[in-house]
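Engineer: Below: one structure in C-alpha cells.
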Amino acid sequence: MSSEDLLIFTKSGIYCKIADVYIDPWRPVQRAIITHGHSDHARPGSKSYICHSDSVPILKYRLGKSINIRGESFGNTFSVNGVNFSLYPAGHIIGSAQIRVEYRGEVWVVSGDYKVQHDNVCQPFEPITCNTFITESTFGLPVYQWKPLYETCKNISDWWAENAKQKRPTILTAYSLGKAQNILQNIDKSIGPIYCHGAIQKTNQVLMEAGLFDVKTLEVSENTATDYTNALILTPPSGLNSSWSNKFKHAVTGSASGWMMLRGMRRRRNVDKGFVLSDHADWNGLNTAIKATGASRVIVTHGYQDTYTRYLSEQGYQAQSEKTLFEGEQFAIQNQES
Amino acid sequence: MQAFATLFKNLDSTTSTNAKVSALVQYFQIVSPEDALWTIALFTHKRPKRTIKTSLLREWAAQSANIPQWLFEDTYHVVGDLAETIALTVPQATKQSDQSLTTWIEQIKALHKEADKVKQDFILNAWDQLDFASRFLFNKLITGGFRLGVSKKLITKALSKFLEKEETEIAHRLMGDWSPDNTSFEELLIAEGFDKSLSKPYPFFLAYALESSPDELGKPKDWLAEYKWDGIRGQIIKRKGEIFVWSRGEELINDAFPEFQSLADCAADNFVVDGEIIVFNNGKLGSFKDLQSRLGRKKVSKNLLAKLPAQLIVYDLLEWDGKDIRAETQSKRRQRLEESQLANHALITLSESIIFNDWKTLAKIRSEARSHDAEGLMLKAMHTPYQIGRKKGGWWKWKLDPYTIDAVLLYAQRGHGRRSNLYSDYTFAVWNTEGKLVPFAKAYSGLTDAEFREVTKFVNANTLERFGPVRSVKPELVFEVAFEGISYSKRHKSGIALRFPRIHRWRKDKKASEANTLEDLEGLLINKT
C-alpha cells in the first residue's frame, strides 16, 4: 500500500491523511467516522464521532451519552479539509453505513460489515461506484451460501412451534444488536410469548425509543412462576451456559449464525439446533457486491482474507489483504457479546 | 436415502445416548432389512470398497462449483471434512430422487471397472439429485469414515432394543468378517442355532485412583501390589473351545487381536481371565499409540501382527472350569490363577506380585515403575471379591505423576471435525544450547474450547509463515506439556520421542525465554535409565 493512497491502514485504523480522519479506529483518535455500532467498529475514547443518524442512539448507548457525536443522513456529502465524505446503506444492522471518500475525482468506499440480503429491519445494501473498495471477508469461502431469509426464519418458527407443542421452552442465541432484531422482525410472532435477555431487551428499547424498531417483547424476570413452556427466549450466546438459563426447565436450544453452516461449528456450540442466519454477505454476496462497485482495486480485511484476496486477484482485480482488528461475526462468537 | 438422511440429522443433533438409540430403533423399524444391514455395516466401519479416488472427486467438485482447484483445497482445510466441503460447494440439486441406501451403494460398487468419464457422469448426476444431507452421506459412502458419534456399542444397544435380544448376543452376532455381500439381516441377527451364553463377559471391576498415601490402607500384608500397565483392559473368554476377547467398553475385539485365537490349543477350557492387553514393538513394550493402531482396524494385516504382536498380562481369574468364582477373595483367586498354569501359554504372562514389607519400600518401587515401562502400581485388597464397576476400597490405582516440561508454541494447525475452525493442533519446542528452538512434541488436547479460541486469535495475529494448513507463529506462548514416557528416537529432529504428550496448562506467567531446554529433556532420559 503506498503512502500516496487516499486511505491507509495504520496502527490506529483506516486513516485519511488529507482529511485527518479515521474510519472505525480501534484506538482513540481526534476525528472518527463510524460504519456501525458493533463493538469491533465503534470503540470508545475518540474526541469526535460521525456516523449515520440511526447509529447515533446506538453509539450513545454503547459508548456513553456524553460523547461528541454527529449524525449524517444517507447520500448527504460533507467535506473535511477538502475531502468529500458521504454515507450509503450497508444492510448489516440498523444504522450501518458504507463510507464513500472522494478527493479530486478518486473514490474509495469503506464498506464496514455488510450483507446483500434484505432483512426488513435496516436499509438494504446499495452498491456504490468507486475506484477502490474495502471489503470484509468474514464468510469469504464458497461453502458459505445462505438460503433466503424467509426460509430460515420459517424454519425457526416451525421449530419453535414444535417445541411449544411439546411444552418445552425454546432458547435461541443471537447477538443483541443486529441478529436479535433481524429474527424478531421476521419470525411468526403468533406462536407464543417472546422473552428477551436483558442485554437484548435494552438494545431493543434504545432502538424503539428512537423509532427505529417496533417489535414488542417481554423481559425475562426473576419471577420464578413465569410459564415459559410455549415461549421463545432470545439471549446472547453468553446467557446460554450461565445460571441465568437454569430457570427454563427442559428447554430446547438453538443458535442462529453464519457459522452454523459447518457441522464442526454446530457441534462445538453445543446447542440442539443450528440455523444459518447471518448479517454478513455470503460467498456469492461478496462477489456480486464487489462486482457492482466497478472497482478495479479491492482491499480485503477481516475474515478469510488471504484466500479471498488470491481469488479476487485471479478474477482480475488488483487485490490486497490488510490486517485490521475487525473480527466480523467471529468476534461476537469469541467474546460472546454484542 | 431420505430415511438414512433423517437418521443422520437426528443422530447429529443430539448428544444423548438415549435419543440416539431411539432414533436408530425408529429407523430400523421403517427401513428394509437390506438398508438396515448396510447401515449397521457403515457404522461398524465396513464401508463398500472405494471405487473412486478422492483426488478425482475433488477435481469434479471444484469444476462443478466453478471455482479454482486451490480454492477448493483451501476451503477443505477450513471445513475439515471432504464429504461436507463437496456437499456445500457444488450447486444445489435441480432434480429429485428417492433411491434407497442399498441402491446407491450397489451403484457405487458397480463403478469398479468403469472409465473415469462414466464415474464422473454418475457422480455429477448424483450430486444434482440429492439434497444437502443426502449428498453429504452419499459422499461419505465413497470417502468413508462415518464418524457420526455412533459407536459399535450404541448400534448394539439399539439393535438389542429393536430385536429384543440381549446386548451381549448382538455384540457376538456382529462379530467377525461379515459384510452385506455375504450375509443378510435375518441370517446375521435373527437366525436360530446361536448359543448366546457362550460369549458373555462379566462386568469389569474398576479401580479408584489413590490420591492419598497408602499408609491409610492399613497393613501391607493385606494388599496385593502389581505394576499398572498402559494397555487395554481386556477379558478373554474360552468356552466350548471358542475364544472371545472383550474390551472394558464391552466391545468384542477378537478381530483386532486375532492371535488370541491360538488359546484354542491350550488344554484348559471354560474359563474367563481378566488382564491388560499390551503390544510389543521391536521387543519392547509398545506405546499406547501402537496399541491403537491395532485397535483402529477391522482386519489386522500380517505385517502389523508381526510388527506389533500382542500379549495378555493376566491378573485375575473370574471363571474356572465353567464356574463363576468372582465371589472368592482376591488372594484365593490369585492362587487359583497361578495354579491354573494359564500363564504357560506363550501369549499370557502372569502379572508380577510385587513383594514388599512396608509402604515406604513400595513407594520406592513405584517411583521406579517407569524403568519397567509401567505407569504406576495397582493395589488390591486381599479379601475383596471381584465386584461390579467402580467400588471404593477394593482396587486402587497408584499412578505416577506425568513428566512435565515448559515448552514454546512454534507451529499451529487447524483441528478437524468439531474443532475445524480452531487452531488446536500444536507443535512445541524447547531451547537447544545454541539458543535455538527445537520442536520436540505435538499435542492436540488439554485446553478448554475457550483457551483454544484464545490461542486461535493469537495465531491469526502472529503468523510468521504458512505451510499449507500449518502456520509458524511468533515464539511467545508457553505451555506445560505433560507426557507419560520418553525415549531416544532417530526419527525426530530433537532426538527424543514422547509417549502420550498433551497440554497440561497454559503458562501465561512465563515468557518464551523461560521455557525448558533440550538438556532438561535429556536429563529426564538419563534419570529414567
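Residue names in the C-alpha cells use chain letters A, B, ... in the order shown, residue numbers from 1 in each chain, and ligand numbers from 1 in the order shown.
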Produce a table with one row for each residue of chain B that has an atom at most 10 Å from any atom of chain A, each row naming the nearest atom pair and its distance in Å at one decimal; use only C-alpha atoms; arrange rows by chain and rising residue number; format as CSV.

Structural biologist:
residue,atom,partner,partner_atom,distance
B:Asp12,CA,A:Arg267,CA,8.3
B:Ser13,CA,A:Asp272,CA,5.6
B:Thr14,CA,A:Asp272,CA,6.2
B:Thr15,CA,A:Asp272,CA,8.6
B:Ala65,CA,A:Pro142,CA,8.3
B:Asn66,CA,A:Pro142,CA,9.8
B:Ile67,CA,A:Pro142,CA,8.2
B:Pro68,CA,A:Tyr311,CA,8.2
B:Trp70,CA,A:Thr307,CA,9.2
B:Leu71,CA,A:Thr307,CA,7.2
B:Phe72,CA,A:Pro142,CA,8.0
B:Asp74,CA,A:Thr307,CA,7.3
B:Thr75,CA,A:Leu141,CA,6.4
B:Tyr76,CA,A:Val143,CA,9.2
B:Val78,CA,A:Leu141,CA,9.1
B:Val79,CA,A:Leu262,CA,6.8
B:Gly80,CA,A:Gly264,CA,8.2
B:Asp81,CA,A:Gly264,CA,9.0
B:Glu84,CA,A:Arg263,CA,8.1
B:Thr85,CA,A:Val143,CA,6.7
B:Ile86,CA,A:Val143,CA,8.5
B:Ala87,CA,A:Val143,CA,8.6
B:Leu88,CA,A:Val143,CA,5.0
B:Thr89,CA,A:Val143,CA,5.0
B:Val90,CA,A:Val143,CA,8.7
B:Pro91,CA,A:Gln145,CA,10.0
B:Gly415,CA,A:Gly264,CA,9.8
B:His416,CA,A:Gly264,CA,7.8
B:Gly417,CA,A:Gly264,CA,4.8
B:Arg418,CA,A:Gly264,CA,3.9
B:Arg419,CA,A:Gly264,CA,6.2
B:Ser420,CA,A:Gly264,CA,6.0
B:Asn421,CA,A:Met265,CA,7.3
B:Leu422,CA,A:Met265,CA,9.6
B:Asp449,CA,A:Arg268,CA,8.4
B:Ala450,CA,A:Gln334,CA,7.9
B:Arg453,CA,A:Gln334,CA,6.7
B:Glu454,CA,A:Gln334,CA,8.2
B:Lys457,CA,A:Gln334,CA,9.1
B:Asn460,CA,A:Lys323,CA,9.8
B:Ala461,CA,A:Lys323,CA,8.5

Engineer: Using the selection just defined, write its residues with C-alpha atoms as a short mmCIF file (atom, residue, chain, number, x, y, z; two decimals), in the first residue's frame.

Structural biologist:
data_model
loop_
_atom_site.label_atom_id
_atom_site.label_comp_id
_atom_site.auth_asym_id
_atom_site.auth_seq_id
_atom_site.Cartn_x
_atom_site.Cartn_y
_atom_site.Cartn_z
CA ASP B 12 -26.20 -35.41 14.67
CA SER B 13 -28.47 -33.05 16.55
CA THR B 14 -28.21 -34.76 19.93
CA THR B 15 -25.53 -35.87 22.34
CA ALA B 65 -18.71 -25.41 -8.21
CA ASN B 66 -16.88 -23.34 -10.82
CA ILE B 67 -14.02 -22.44 -8.51
CA PRO B 68 -10.25 -22.91 -8.88
CA TRP B 70 -6.63 -24.39 -4.93
CA LEU B 71 -9.66 -22.57 -3.53
CA PHE B 72 -11.47 -25.86 -3.13
CA ASP B 74 -8.15 -24.19 0.97
CA THR B 75 -11.84 -24.48 1.76
CA TYR B 76 -11.46 -28.16 2.54
CA VAL B 78 -11.15 -24.92 6.83
CA VAL B 79 -14.13 -27.26 6.80
CA GLY B 80 -12.04 -30.27 7.78
CA ASP B 81 -14.27 -32.82 6.08
CA GLU B 84 -19.07 -31.88 3.75
CA THR B 85 -16.94 -29.49 1.68
CA ILE B 86 -18.21 -31.06 -1.53
CA ALA B 87 -21.81 -31.12 -0.35
CA LEU B 88 -21.63 -27.40 0.49
CA THR B 89 -19.79 -26.11 -2.58
CA VAL B 90 -21.41 -27.86 -5.54
CA PRO B 91 -24.58 -26.18 -6.86
CA GLY B 415 -8.17 -29.18 14.02
CA HIS B 416 -10.68 -31.48 12.41
CA GLY B 417 -14.38 -32.06 12.92
CA ARG B 418 -15.62 -30.23 15.96
CA ARG B 419 -12.50 -28.08 16.05
CA SER B 420 -12.17 -27.44 12.35
CA ASN B 421 -12.16 -23.66 12.69
CA LEU B 422 -9.78 -23.53 15.63
CA ASP B 449 -12.55 -24.56 23.95
CA ALA B 450 -12.25 -21.03 25.33
CA ARG B 453 -10.22 -19.78 20.85
CA GLU B 454 -7.77 -17.52 22.60
CA LYS B 457 -6.74 -15.38 17.99
CA ASN B 460 -4.23 -15.24 13.49
CA ALA B 461 -2.47 -12.15 14.75
#

Engineer: Using only C-alpha atoms, determine which residues lie at most 7 Å from Glu375 (chain B), disregarding the query and same-chain residues fewer than 5 positions distant; provide the list as a list in words.

Structural biologist: Lys228, Trp229, Asp230, Ala369, Arg370, Lys399 and Leu400 of chain B

Engineer: Just give me the gap between CA of Gly112 (chain A) and CA of Gly45 (chain A) in Å, one decimal is fine.

Structural biologist: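 A separation of 19.6 Å between them.
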
Engineer: Write out as a VMD selection string the residues lying within 7 Å of region 176-188 of chain A, counting only C-alpha atoms and excluding same-chain residues fewer than 3 positions away.

Structural biologist: chain A and resid 93 to 94 119 121 153 to 154 157 191 199 to 200 203 215 236 279 338

Engineer: Quick one: pick out all helix (DSSP H, G or I) residues within region 347-461 of chain B from a backbone DSSP run and write them as a PyMOL selection string.

Structural biologist: chain B and resi 359-367+369-372+417-419+449-461

Engineer: Any chance you could export the current selection's N, CA and C atoms as a CSV table (one decimal), in the first residue's frame?

Structural biologist:
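Final output, result.csv:
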chain,number,residue,atom,x,y,z
B,359,TRP,N,5.1,-49.8,53.4
B,359,TRP,CA,4.7,-48.9,52.3
B,359,TRP,C,5.8,-48.1,51.8
B,360,LYS,N,6.8,-47.8,52.6
B,360,LYS,CA,7.9,-47.0,52.1
B,360,LYS,C,8.7,-47.7,51.0
B,361,THR,N,8.9,-49.0,51.2
B,361,THR,CA,9.5,-49.8,50.1
B,361,THR,C,8.7,-49.7,48.8
B,362,LEU,N,7.4,-49.9,49.0
B,362,LEU,CA,6.5,-49.9,47.9
B,362,LEU,C,6.6,-48.5,47.1
B,363,ALA,N,6.6,-47.4,47.9
B,363,ALA,CA,6.7,-46.1,47.3
B,363,ALA,C,7.9,-46.0,46.5
B,364,LYS,N,9.0,-46.6,46.9
B,364,LYS,CA,10.2,-46.5,46.2
B,364,LYS,C,10.1,-47.3,44.9
B,365,ILE,N,9.5,-48.5,45.0
B,365,ILE,CA,9.3,-49.3,43.8
B,365,ILE,C,8.4,-48.5,42.8
B,366,ARG,N,7.4,-47.9,43.3
B,366,ARG,CA,6.5,-47.1,42.4
B,366,ARG,C,7.3,-46.0,41.7
B,367,SER,N,8.2,-45.3,42.5
B,367,SER,CA,8.9,-44.2,41.8
B,367,SER,C,9.8,-44.7,40.7
B,369,ALA,N,8.8,-47.2,38.7
B,369,ALA,CA,8.0,-48.0,37.8
B,369,ALA,C,8.3,-47.8,36.3
B,370,ARG,N,8.6,-46.5,36.0
B,370,ARG,CA,8.9,-46.2,34.6
B,370,ARG,C,10.0,-47.0,34.0
B,371,SER,N,11.0,-47.4,34.8
B,371,SER,CA,12.0,-48.2,34.3
B,371,SER,C,11.5,-49.6,33.9
B,372,HIS,N,10.4,-50.0,34.4
B,372,HIS,CA,9.7,-51.2,33.9
B,372,HIS,C,8.7,-51.0,32.9
B,417,GLY,N,-13.1,-31.8,12.3
B,417,GLY,CA,-14.4,-32.1,12.9
B,417,GLY,C,-14.8,-30.9,13.8
B,418,ARG,N,-15.1,-31.2,15.0
B,418,ARG,CA,-15.6,-30.2,16.0
B,418,ARG,C,-14.7,-29.0,16.1
B,419,ARG,N,-13.4,-29.2,15.9
B,419,ARG,CA,-12.5,-28.1,16.1
B,419,ARG,C,-12.0,-27.5,14.7
B,449,ASP,N,-12.2,-25.2,25.2
B,449,ASP,CA,-12.6,-24.6,24.0
B,449,ASP,C,-12.3,-23.1,24.0
B,450,ALA,N,-12.5,-22.5,25.2
B,450,ALA,CA,-12.3,-21.0,25.3
B,450,ALA,C,-10.8,-20.7,25.1
B,451,GLU,N,-9.9,-21.6,25.7
B,451,GLU,CA,-8.5,-21.4,25.6
B,451,GLU,C,-8.0,-21.6,24.1
B,452,PHE,N,-8.6,-22.6,23.5
B,452,PHE,CA,-8.3,-22.9,22.0
B,452,PHE,C,-8.7,-21.6,21.2
B,453,ARG,N,-9.8,-21.0,21.6
B,453,ARG,CA,-10.2,-19.8,20.8
B,453,ARG,C,-9.2,-18.7,21.1
B,454,GLU,N,-8.7,-18.6,22.3
B,454,GLU,CA,-7.8,-17.5,22.6
B,454,GLU,C,-6.5,-17.7,21.8
B,455,VAL,N,-6.0,-19.0,21.8
B,455,VAL,CA,-4.8,-19.3,21.0
B,455,VAL,C,-5.0,-19.0,19.6
B,456,THR,N,-6.2,-19.4,19.1
B,456,THR,CA,-6.5,-19.2,17.6
B,456,THR,C,-6.4,-17.7,17.3
B,457,LYS,N,-6.9,-16.8,18.2
B,457,LYS,CA,-6.7,-15.4,18.0
B,457,LYS,C,-5.3,-15.0,17.9
B,458,PHE,N,-4.5,-15.6,18.8
B,458,PHE,CA,-3.1,-15.3,18.8
B,458,PHE,C,-2.4,-15.7,17.5
B,459,VAL,N,-2.8,-16.9,17.1
B,459,VAL,CA,-2.2,-17.5,15.8
B,459,VAL,C,-2.5,-16.5,14.7
B,460,ASN,N,-3.8,-16.1,14.6
B,460,ASN,CA,-4.2,-15.2,13.5
B,460,ASN,C,-3.4,-13.9,13.5
B,461,ALA,N,-3.1,-13.5,14.7
B,461,ALA,CA,-2.5,-12.2,14.8
B,461,ALA,C,-0.9,-12.3,14.7

Engineer: When you look at Val206 (chain A) with a cut-off of 10 Å (counting only C-alpha atoms), what residues show up, excluding the ones that are within fewer than 5 positions of it in the same chain? I need them as a ChimeraX atom specification.

Structural biologist: /A:57-58,60-61,200-201,211-213

Engineer: Take the residues just selected and output them with N, CA, C and O atoms as a compact mmCIF listing (two decimals), in the first residue's frame.

Structural biologist:
# COMPACT_ATOMS: atom_id res chain seq x y z
N PRO A 57 -28.15 6.91 18.41
CA PRO A 57 -28.60 6.39 19.71
C PRO A 57 -27.84 5.12 20.14
O PRO A 57 -27.61 4.90 21.33
N ILE A 58 -27.42 4.31 19.17
CA ILE A 58 -26.69 3.07 19.49
C ILE A 58 -25.33 3.42 20.08
O ILE A 58 -24.92 2.88 21.11
N LYS A 60 -24.42 6.21 21.45
CA LYS A 60 -24.58 6.86 22.75
C LYS A 60 -24.83 5.83 23.84
O LYS A 60 -24.30 5.92 24.95
N TYR A 61 -25.65 4.84 23.49
CA TYR A 61 -25.97 3.79 24.45
C TYR A 61 -24.73 2.96 24.79
O TYR A 61 -24.48 2.61 25.93
N ILE A 200 -30.52 -7.84 25.30
CA ILE A 200 -31.27 -7.65 24.05
C ILE A 200 -32.43 -6.69 24.28
O ILE A 200 -32.69 -5.78 23.49
N GLN A 201 -33.11 -6.89 25.43
CA GLN A 201 -34.26 -6.05 25.74
C GLN A 201 -33.86 -4.57 25.78
O GLN A 201 -34.56 -3.71 25.25
N GLY A 211 -37.44 5.17 17.46
CA GLY A 211 -38.35 4.93 16.34
C GLY A 211 -37.75 4.09 15.23
O GLY A 211 -38.16 4.17 14.07
N LEU A 212 -36.76 3.27 15.56
CA LEU A 212 -36.06 2.50 14.52
C LEU A 212 -36.49 1.05 14.46
O LEU A 212 -36.07 0.29 13.59
N PHE A 213 -37.31 0.63 15.44
CA PHE A 213 -37.66 -0.78 15.53
C PHE A 213 -38.99 -0.87 16.26
O PHE A 213 -39.27 -0.05 17.14

Engineer: As a count of residues only, list the residues of region 52-267 of chain A assigned to strand (DSSP E) by DSSP on the backbone atoms of this structure.

Structural biologist: 51

Engineer: Which neighbours of region 158-170 of chain A fall inside 8 Å, counting only C-alpha atoms, when residues of the same chain fewer than 2 positions from it are skipped, and could you give them as an MDAnalysis selection string?

Structural biologist: chainID A and resid 154:156 172 191:192 228:233 248:254

Engineer: So that I can see what lies close to Ile123 (chain B), please list as a VMD selection string the residues with an atom at most 12 Å from it, counting only C-alpha atoms and leaving out residues fewer than 6 positions away in the same chain.

Structural biologist: chain B and resid 51 to 54 56 to 61 64 86 to 87 90 104 107 to 108 111 116 to 117 129 to 130 135 138 to 139 141 to 142

Engineer: Write the residues of the preceding selection, restricted to N, CA, C and O atoms, as a compact mmCIF listing (two decimals), in the first residue's frame.

Structural biologist:
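Ended up saving to out-v5.txt:
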# COMPACT_ATOMS: atom_id res chain seq x y z
N THR B 51 -14.36 -47.12 -4.95
CA THR B 51 -14.28 -47.30 -6.40
C THR B 51 -13.87 -46.01 -7.11
O THR B 51 -13.65 -46.01 -8.30
N ILE B 52 -13.82 -44.91 -6.36
CA ILE B 52 -13.43 -43.63 -6.97
C ILE B 52 -12.38 -42.97 -6.09
O ILE B 52 -12.54 -42.87 -4.89
N LYS B 53 -11.33 -42.51 -6.72
CA LYS B 53 -10.27 -41.84 -5.97
C LYS B 53 -10.78 -40.49 -5.44
O LYS B 53 -11.47 -39.78 -6.18
N THR B 54 -10.39 -40.13 -4.23
CA THR B 54 -10.87 -38.85 -3.71
C THR B 54 -10.27 -37.68 -4.49
O THR B 54 -10.88 -36.63 -4.58
N LEU B 56 -10.01 -37.44 -7.62
CA LEU B 56 -10.94 -37.17 -8.73
C LEU B 56 -12.19 -36.45 -8.23
O LEU B 56 -12.66 -35.49 -8.83
N LEU B 57 -12.70 -36.92 -7.08
CA LEU B 57 -13.89 -36.28 -6.51
C LEU B 57 -13.64 -34.79 -6.30
O LEU B 57 -14.49 -33.94 -6.55
N ARG B 58 -12.44 -34.48 -5.81
CA ARG B 58 -12.10 -33.08 -5.52
C ARG B 58 -12.06 -32.25 -6.79
O ARG B 58 -12.55 -31.12 -6.84
N GLU B 59 -11.47 -32.85 -7.83
CA GLU B 59 -11.41 -32.15 -9.12
C GLU B 59 -12.82 -31.87 -9.63
O GLU B 59 -13.13 -30.75 -10.03
N TRP B 60 -13.66 -32.91 -9.62
CA TRP B 60 -15.01 -32.75 -10.16
C TRP B 60 -15.81 -31.74 -9.34
O TRP B 60 -16.61 -30.98 -9.88
N ALA B 61 -15.59 -31.75 -8.04
CA ALA B 61 -16.32 -30.82 -7.18
C ALA B 61 -15.94 -29.38 -7.51
O ALA B 61 -16.80 -28.51 -7.63
N SER B 64 -17.45 -28.46 -10.81
CA SER B 64 -18.89 -28.29 -10.70
C SER B 64 -19.25 -27.00 -9.96
O SER B 64 -20.23 -26.33 -10.30
N ILE B 86 -17.60 -30.85 -0.22
CA ILE B 86 -18.21 -31.06 -1.53
C ILE B 86 -19.70 -30.75 -1.46
O ILE B 86 -20.24 -30.02 -2.30
N ALA B 87 -20.36 -31.30 -0.45
CA ALA B 87 -21.81 -31.12 -0.35
C ALA B 87 -22.18 -29.64 -0.29
O ALA B 87 -23.22 -29.23 -0.80
N VAL B 90 -20.83 -27.63 -4.21
CA VAL B 90 -21.41 -27.86 -5.54
C VAL B 90 -22.82 -27.27 -5.59
O VAL B 90 -23.49 -27.17 -4.55
N TRP B 104 -28.07 -46.99 -3.91
CA TRP B 104 -26.92 -46.10 -4.11
C TRP B 104 -25.62 -46.87 -3.94
O TRP B 104 -24.70 -46.75 -4.75
N GLN B 107 -24.85 -49.14 -6.82
CA GLN B 107 -24.40 -48.38 -8.00
C GLN B 107 -22.95 -47.94 -7.84
O GLN B 107 -22.18 -47.98 -8.80
N ILE B 108 -22.60 -47.50 -6.62
CA ILE B 108 -21.21 -47.07 -6.40
C ILE B 108 -20.27 -48.26 -6.58
O ILE B 108 -19.21 -48.15 -7.21
N LEU B 111 -19.28 -49.29 -10.13
CA LEU B 111 -18.40 -48.41 -10.90
C LEU B 111 -16.97 -48.94 -10.97
O LEU B 111 -16.14 -48.39 -11.71
N ASP B 116 -13.12 -43.39 -16.07
CA ASP B 116 -13.31 -42.19 -15.24
C ASP B 116 -14.49 -41.35 -15.72
O ASP B 116 -15.21 -40.77 -14.91
N LYS B 117 -14.68 -41.29 -17.02
CA LYS B 117 -15.76 -40.47 -17.56
C LYS B 117 -17.13 -40.99 -17.08
O LYS B 117 -18.01 -40.19 -16.70
N GLN B 129 -29.08 -34.60 -7.74
CA GLN B 129 -30.43 -35.02 -7.33
C GLN B 129 -30.53 -35.30 -5.84
O GLN B 129 -31.53 -35.84 -5.37
N LEU B 130 -29.50 -34.90 -5.07
CA LEU B 130 -29.56 -35.15 -3.63
C LEU B 130 -29.54 -33.82 -2.88
O LEU B 130 -28.80 -32.91 -3.25
N ARG B 135 -26.58 -35.72 0.15
CA ARG B 135 -25.37 -35.55 -0.65
C ARG B 135 -24.12 -35.76 0.23
O ARG B 135 -23.17 -36.42 -0.17
N PHE B 138 -23.95 -39.45 0.82
CA PHE B 138 -23.52 -40.11 -0.41
C PHE B 138 -22.00 -39.98 -0.56
O PHE B 138 -21.30 -40.95 -0.85
N ASN B 139 -21.47 -38.79 -0.33
CA ASN B 139 -20.02 -38.58 -0.41
C ASN B 139 -19.29 -39.44 0.62
O ASN B 139 -18.22 -39.97 0.36
N LEU B 141 -20.21 -42.29 1.65
CA LEU B 141 -20.20 -43.68 1.20
C LEU B 141 -18.94 -43.94 0.38
O LEU B 141 -18.41 -45.04 0.36
N ILE B 142 -18.48 -42.90 -0.31
CA ILE B 142 -17.29 -43.06 -1.15
C ILE B 142 -16.02 -42.78 -0.36
O ILE B 142 -15.06 -43.53 -0.43

Engineer: Report, in Å to a single decimal, how far apart CA of Pro203 (chain B) and CA of Asp401 (chain B) are.

Structural biologist: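 That distance, rounded to one decimal, is 28.7 Å.
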
Engineer: Which residues of region 220-319 of chain B have any atom within 9 Å of an atom in region 378-386 of chain B when counting only C-alpha atoms, and what is the closest pair of atoms for each, with the distance in Å to one decimal? Order the rows by chain and rising number and write it as a Markdown table.

Structural biologist:
| residue | atom | partner | partner_atom | distance |
| --- | --- | --- | --- | --- |
| B:Lys221 | CA | B:Met382 | CA | 8.4 |
| B:Asp222 | CA | B:Met382 | CA | 5.4 |
| B:Trp223 | CA | B:Ala381 | CA | 4.8 |
| B:Leu224 | CA | B:Lys380 | CA | 5.0 |
| B:Ala225 | CA | B:Leu379 | CA | 4.7 |
| B:Glu226 | CA | B:Met378 | CA | 5.1 |
| B:Tyr227 | CA | B:Met378 | CA | 5.9 |
| B:Lys228 | CA | B:Met378 | CA | 5.6 |
| B:Asp316 | CA | B:Tyr386 | CA | 8.8 |
| B:Leu318 | CA | B:Tyr386 | CA | 7.7 |

Engineer: Could you tell me how far CA of Glu322 (chain A) sits from CA of Arg43 (chain A), in Å to one decimal place?

Structural biologist: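 Interatomic distance here is 19.4 Å.
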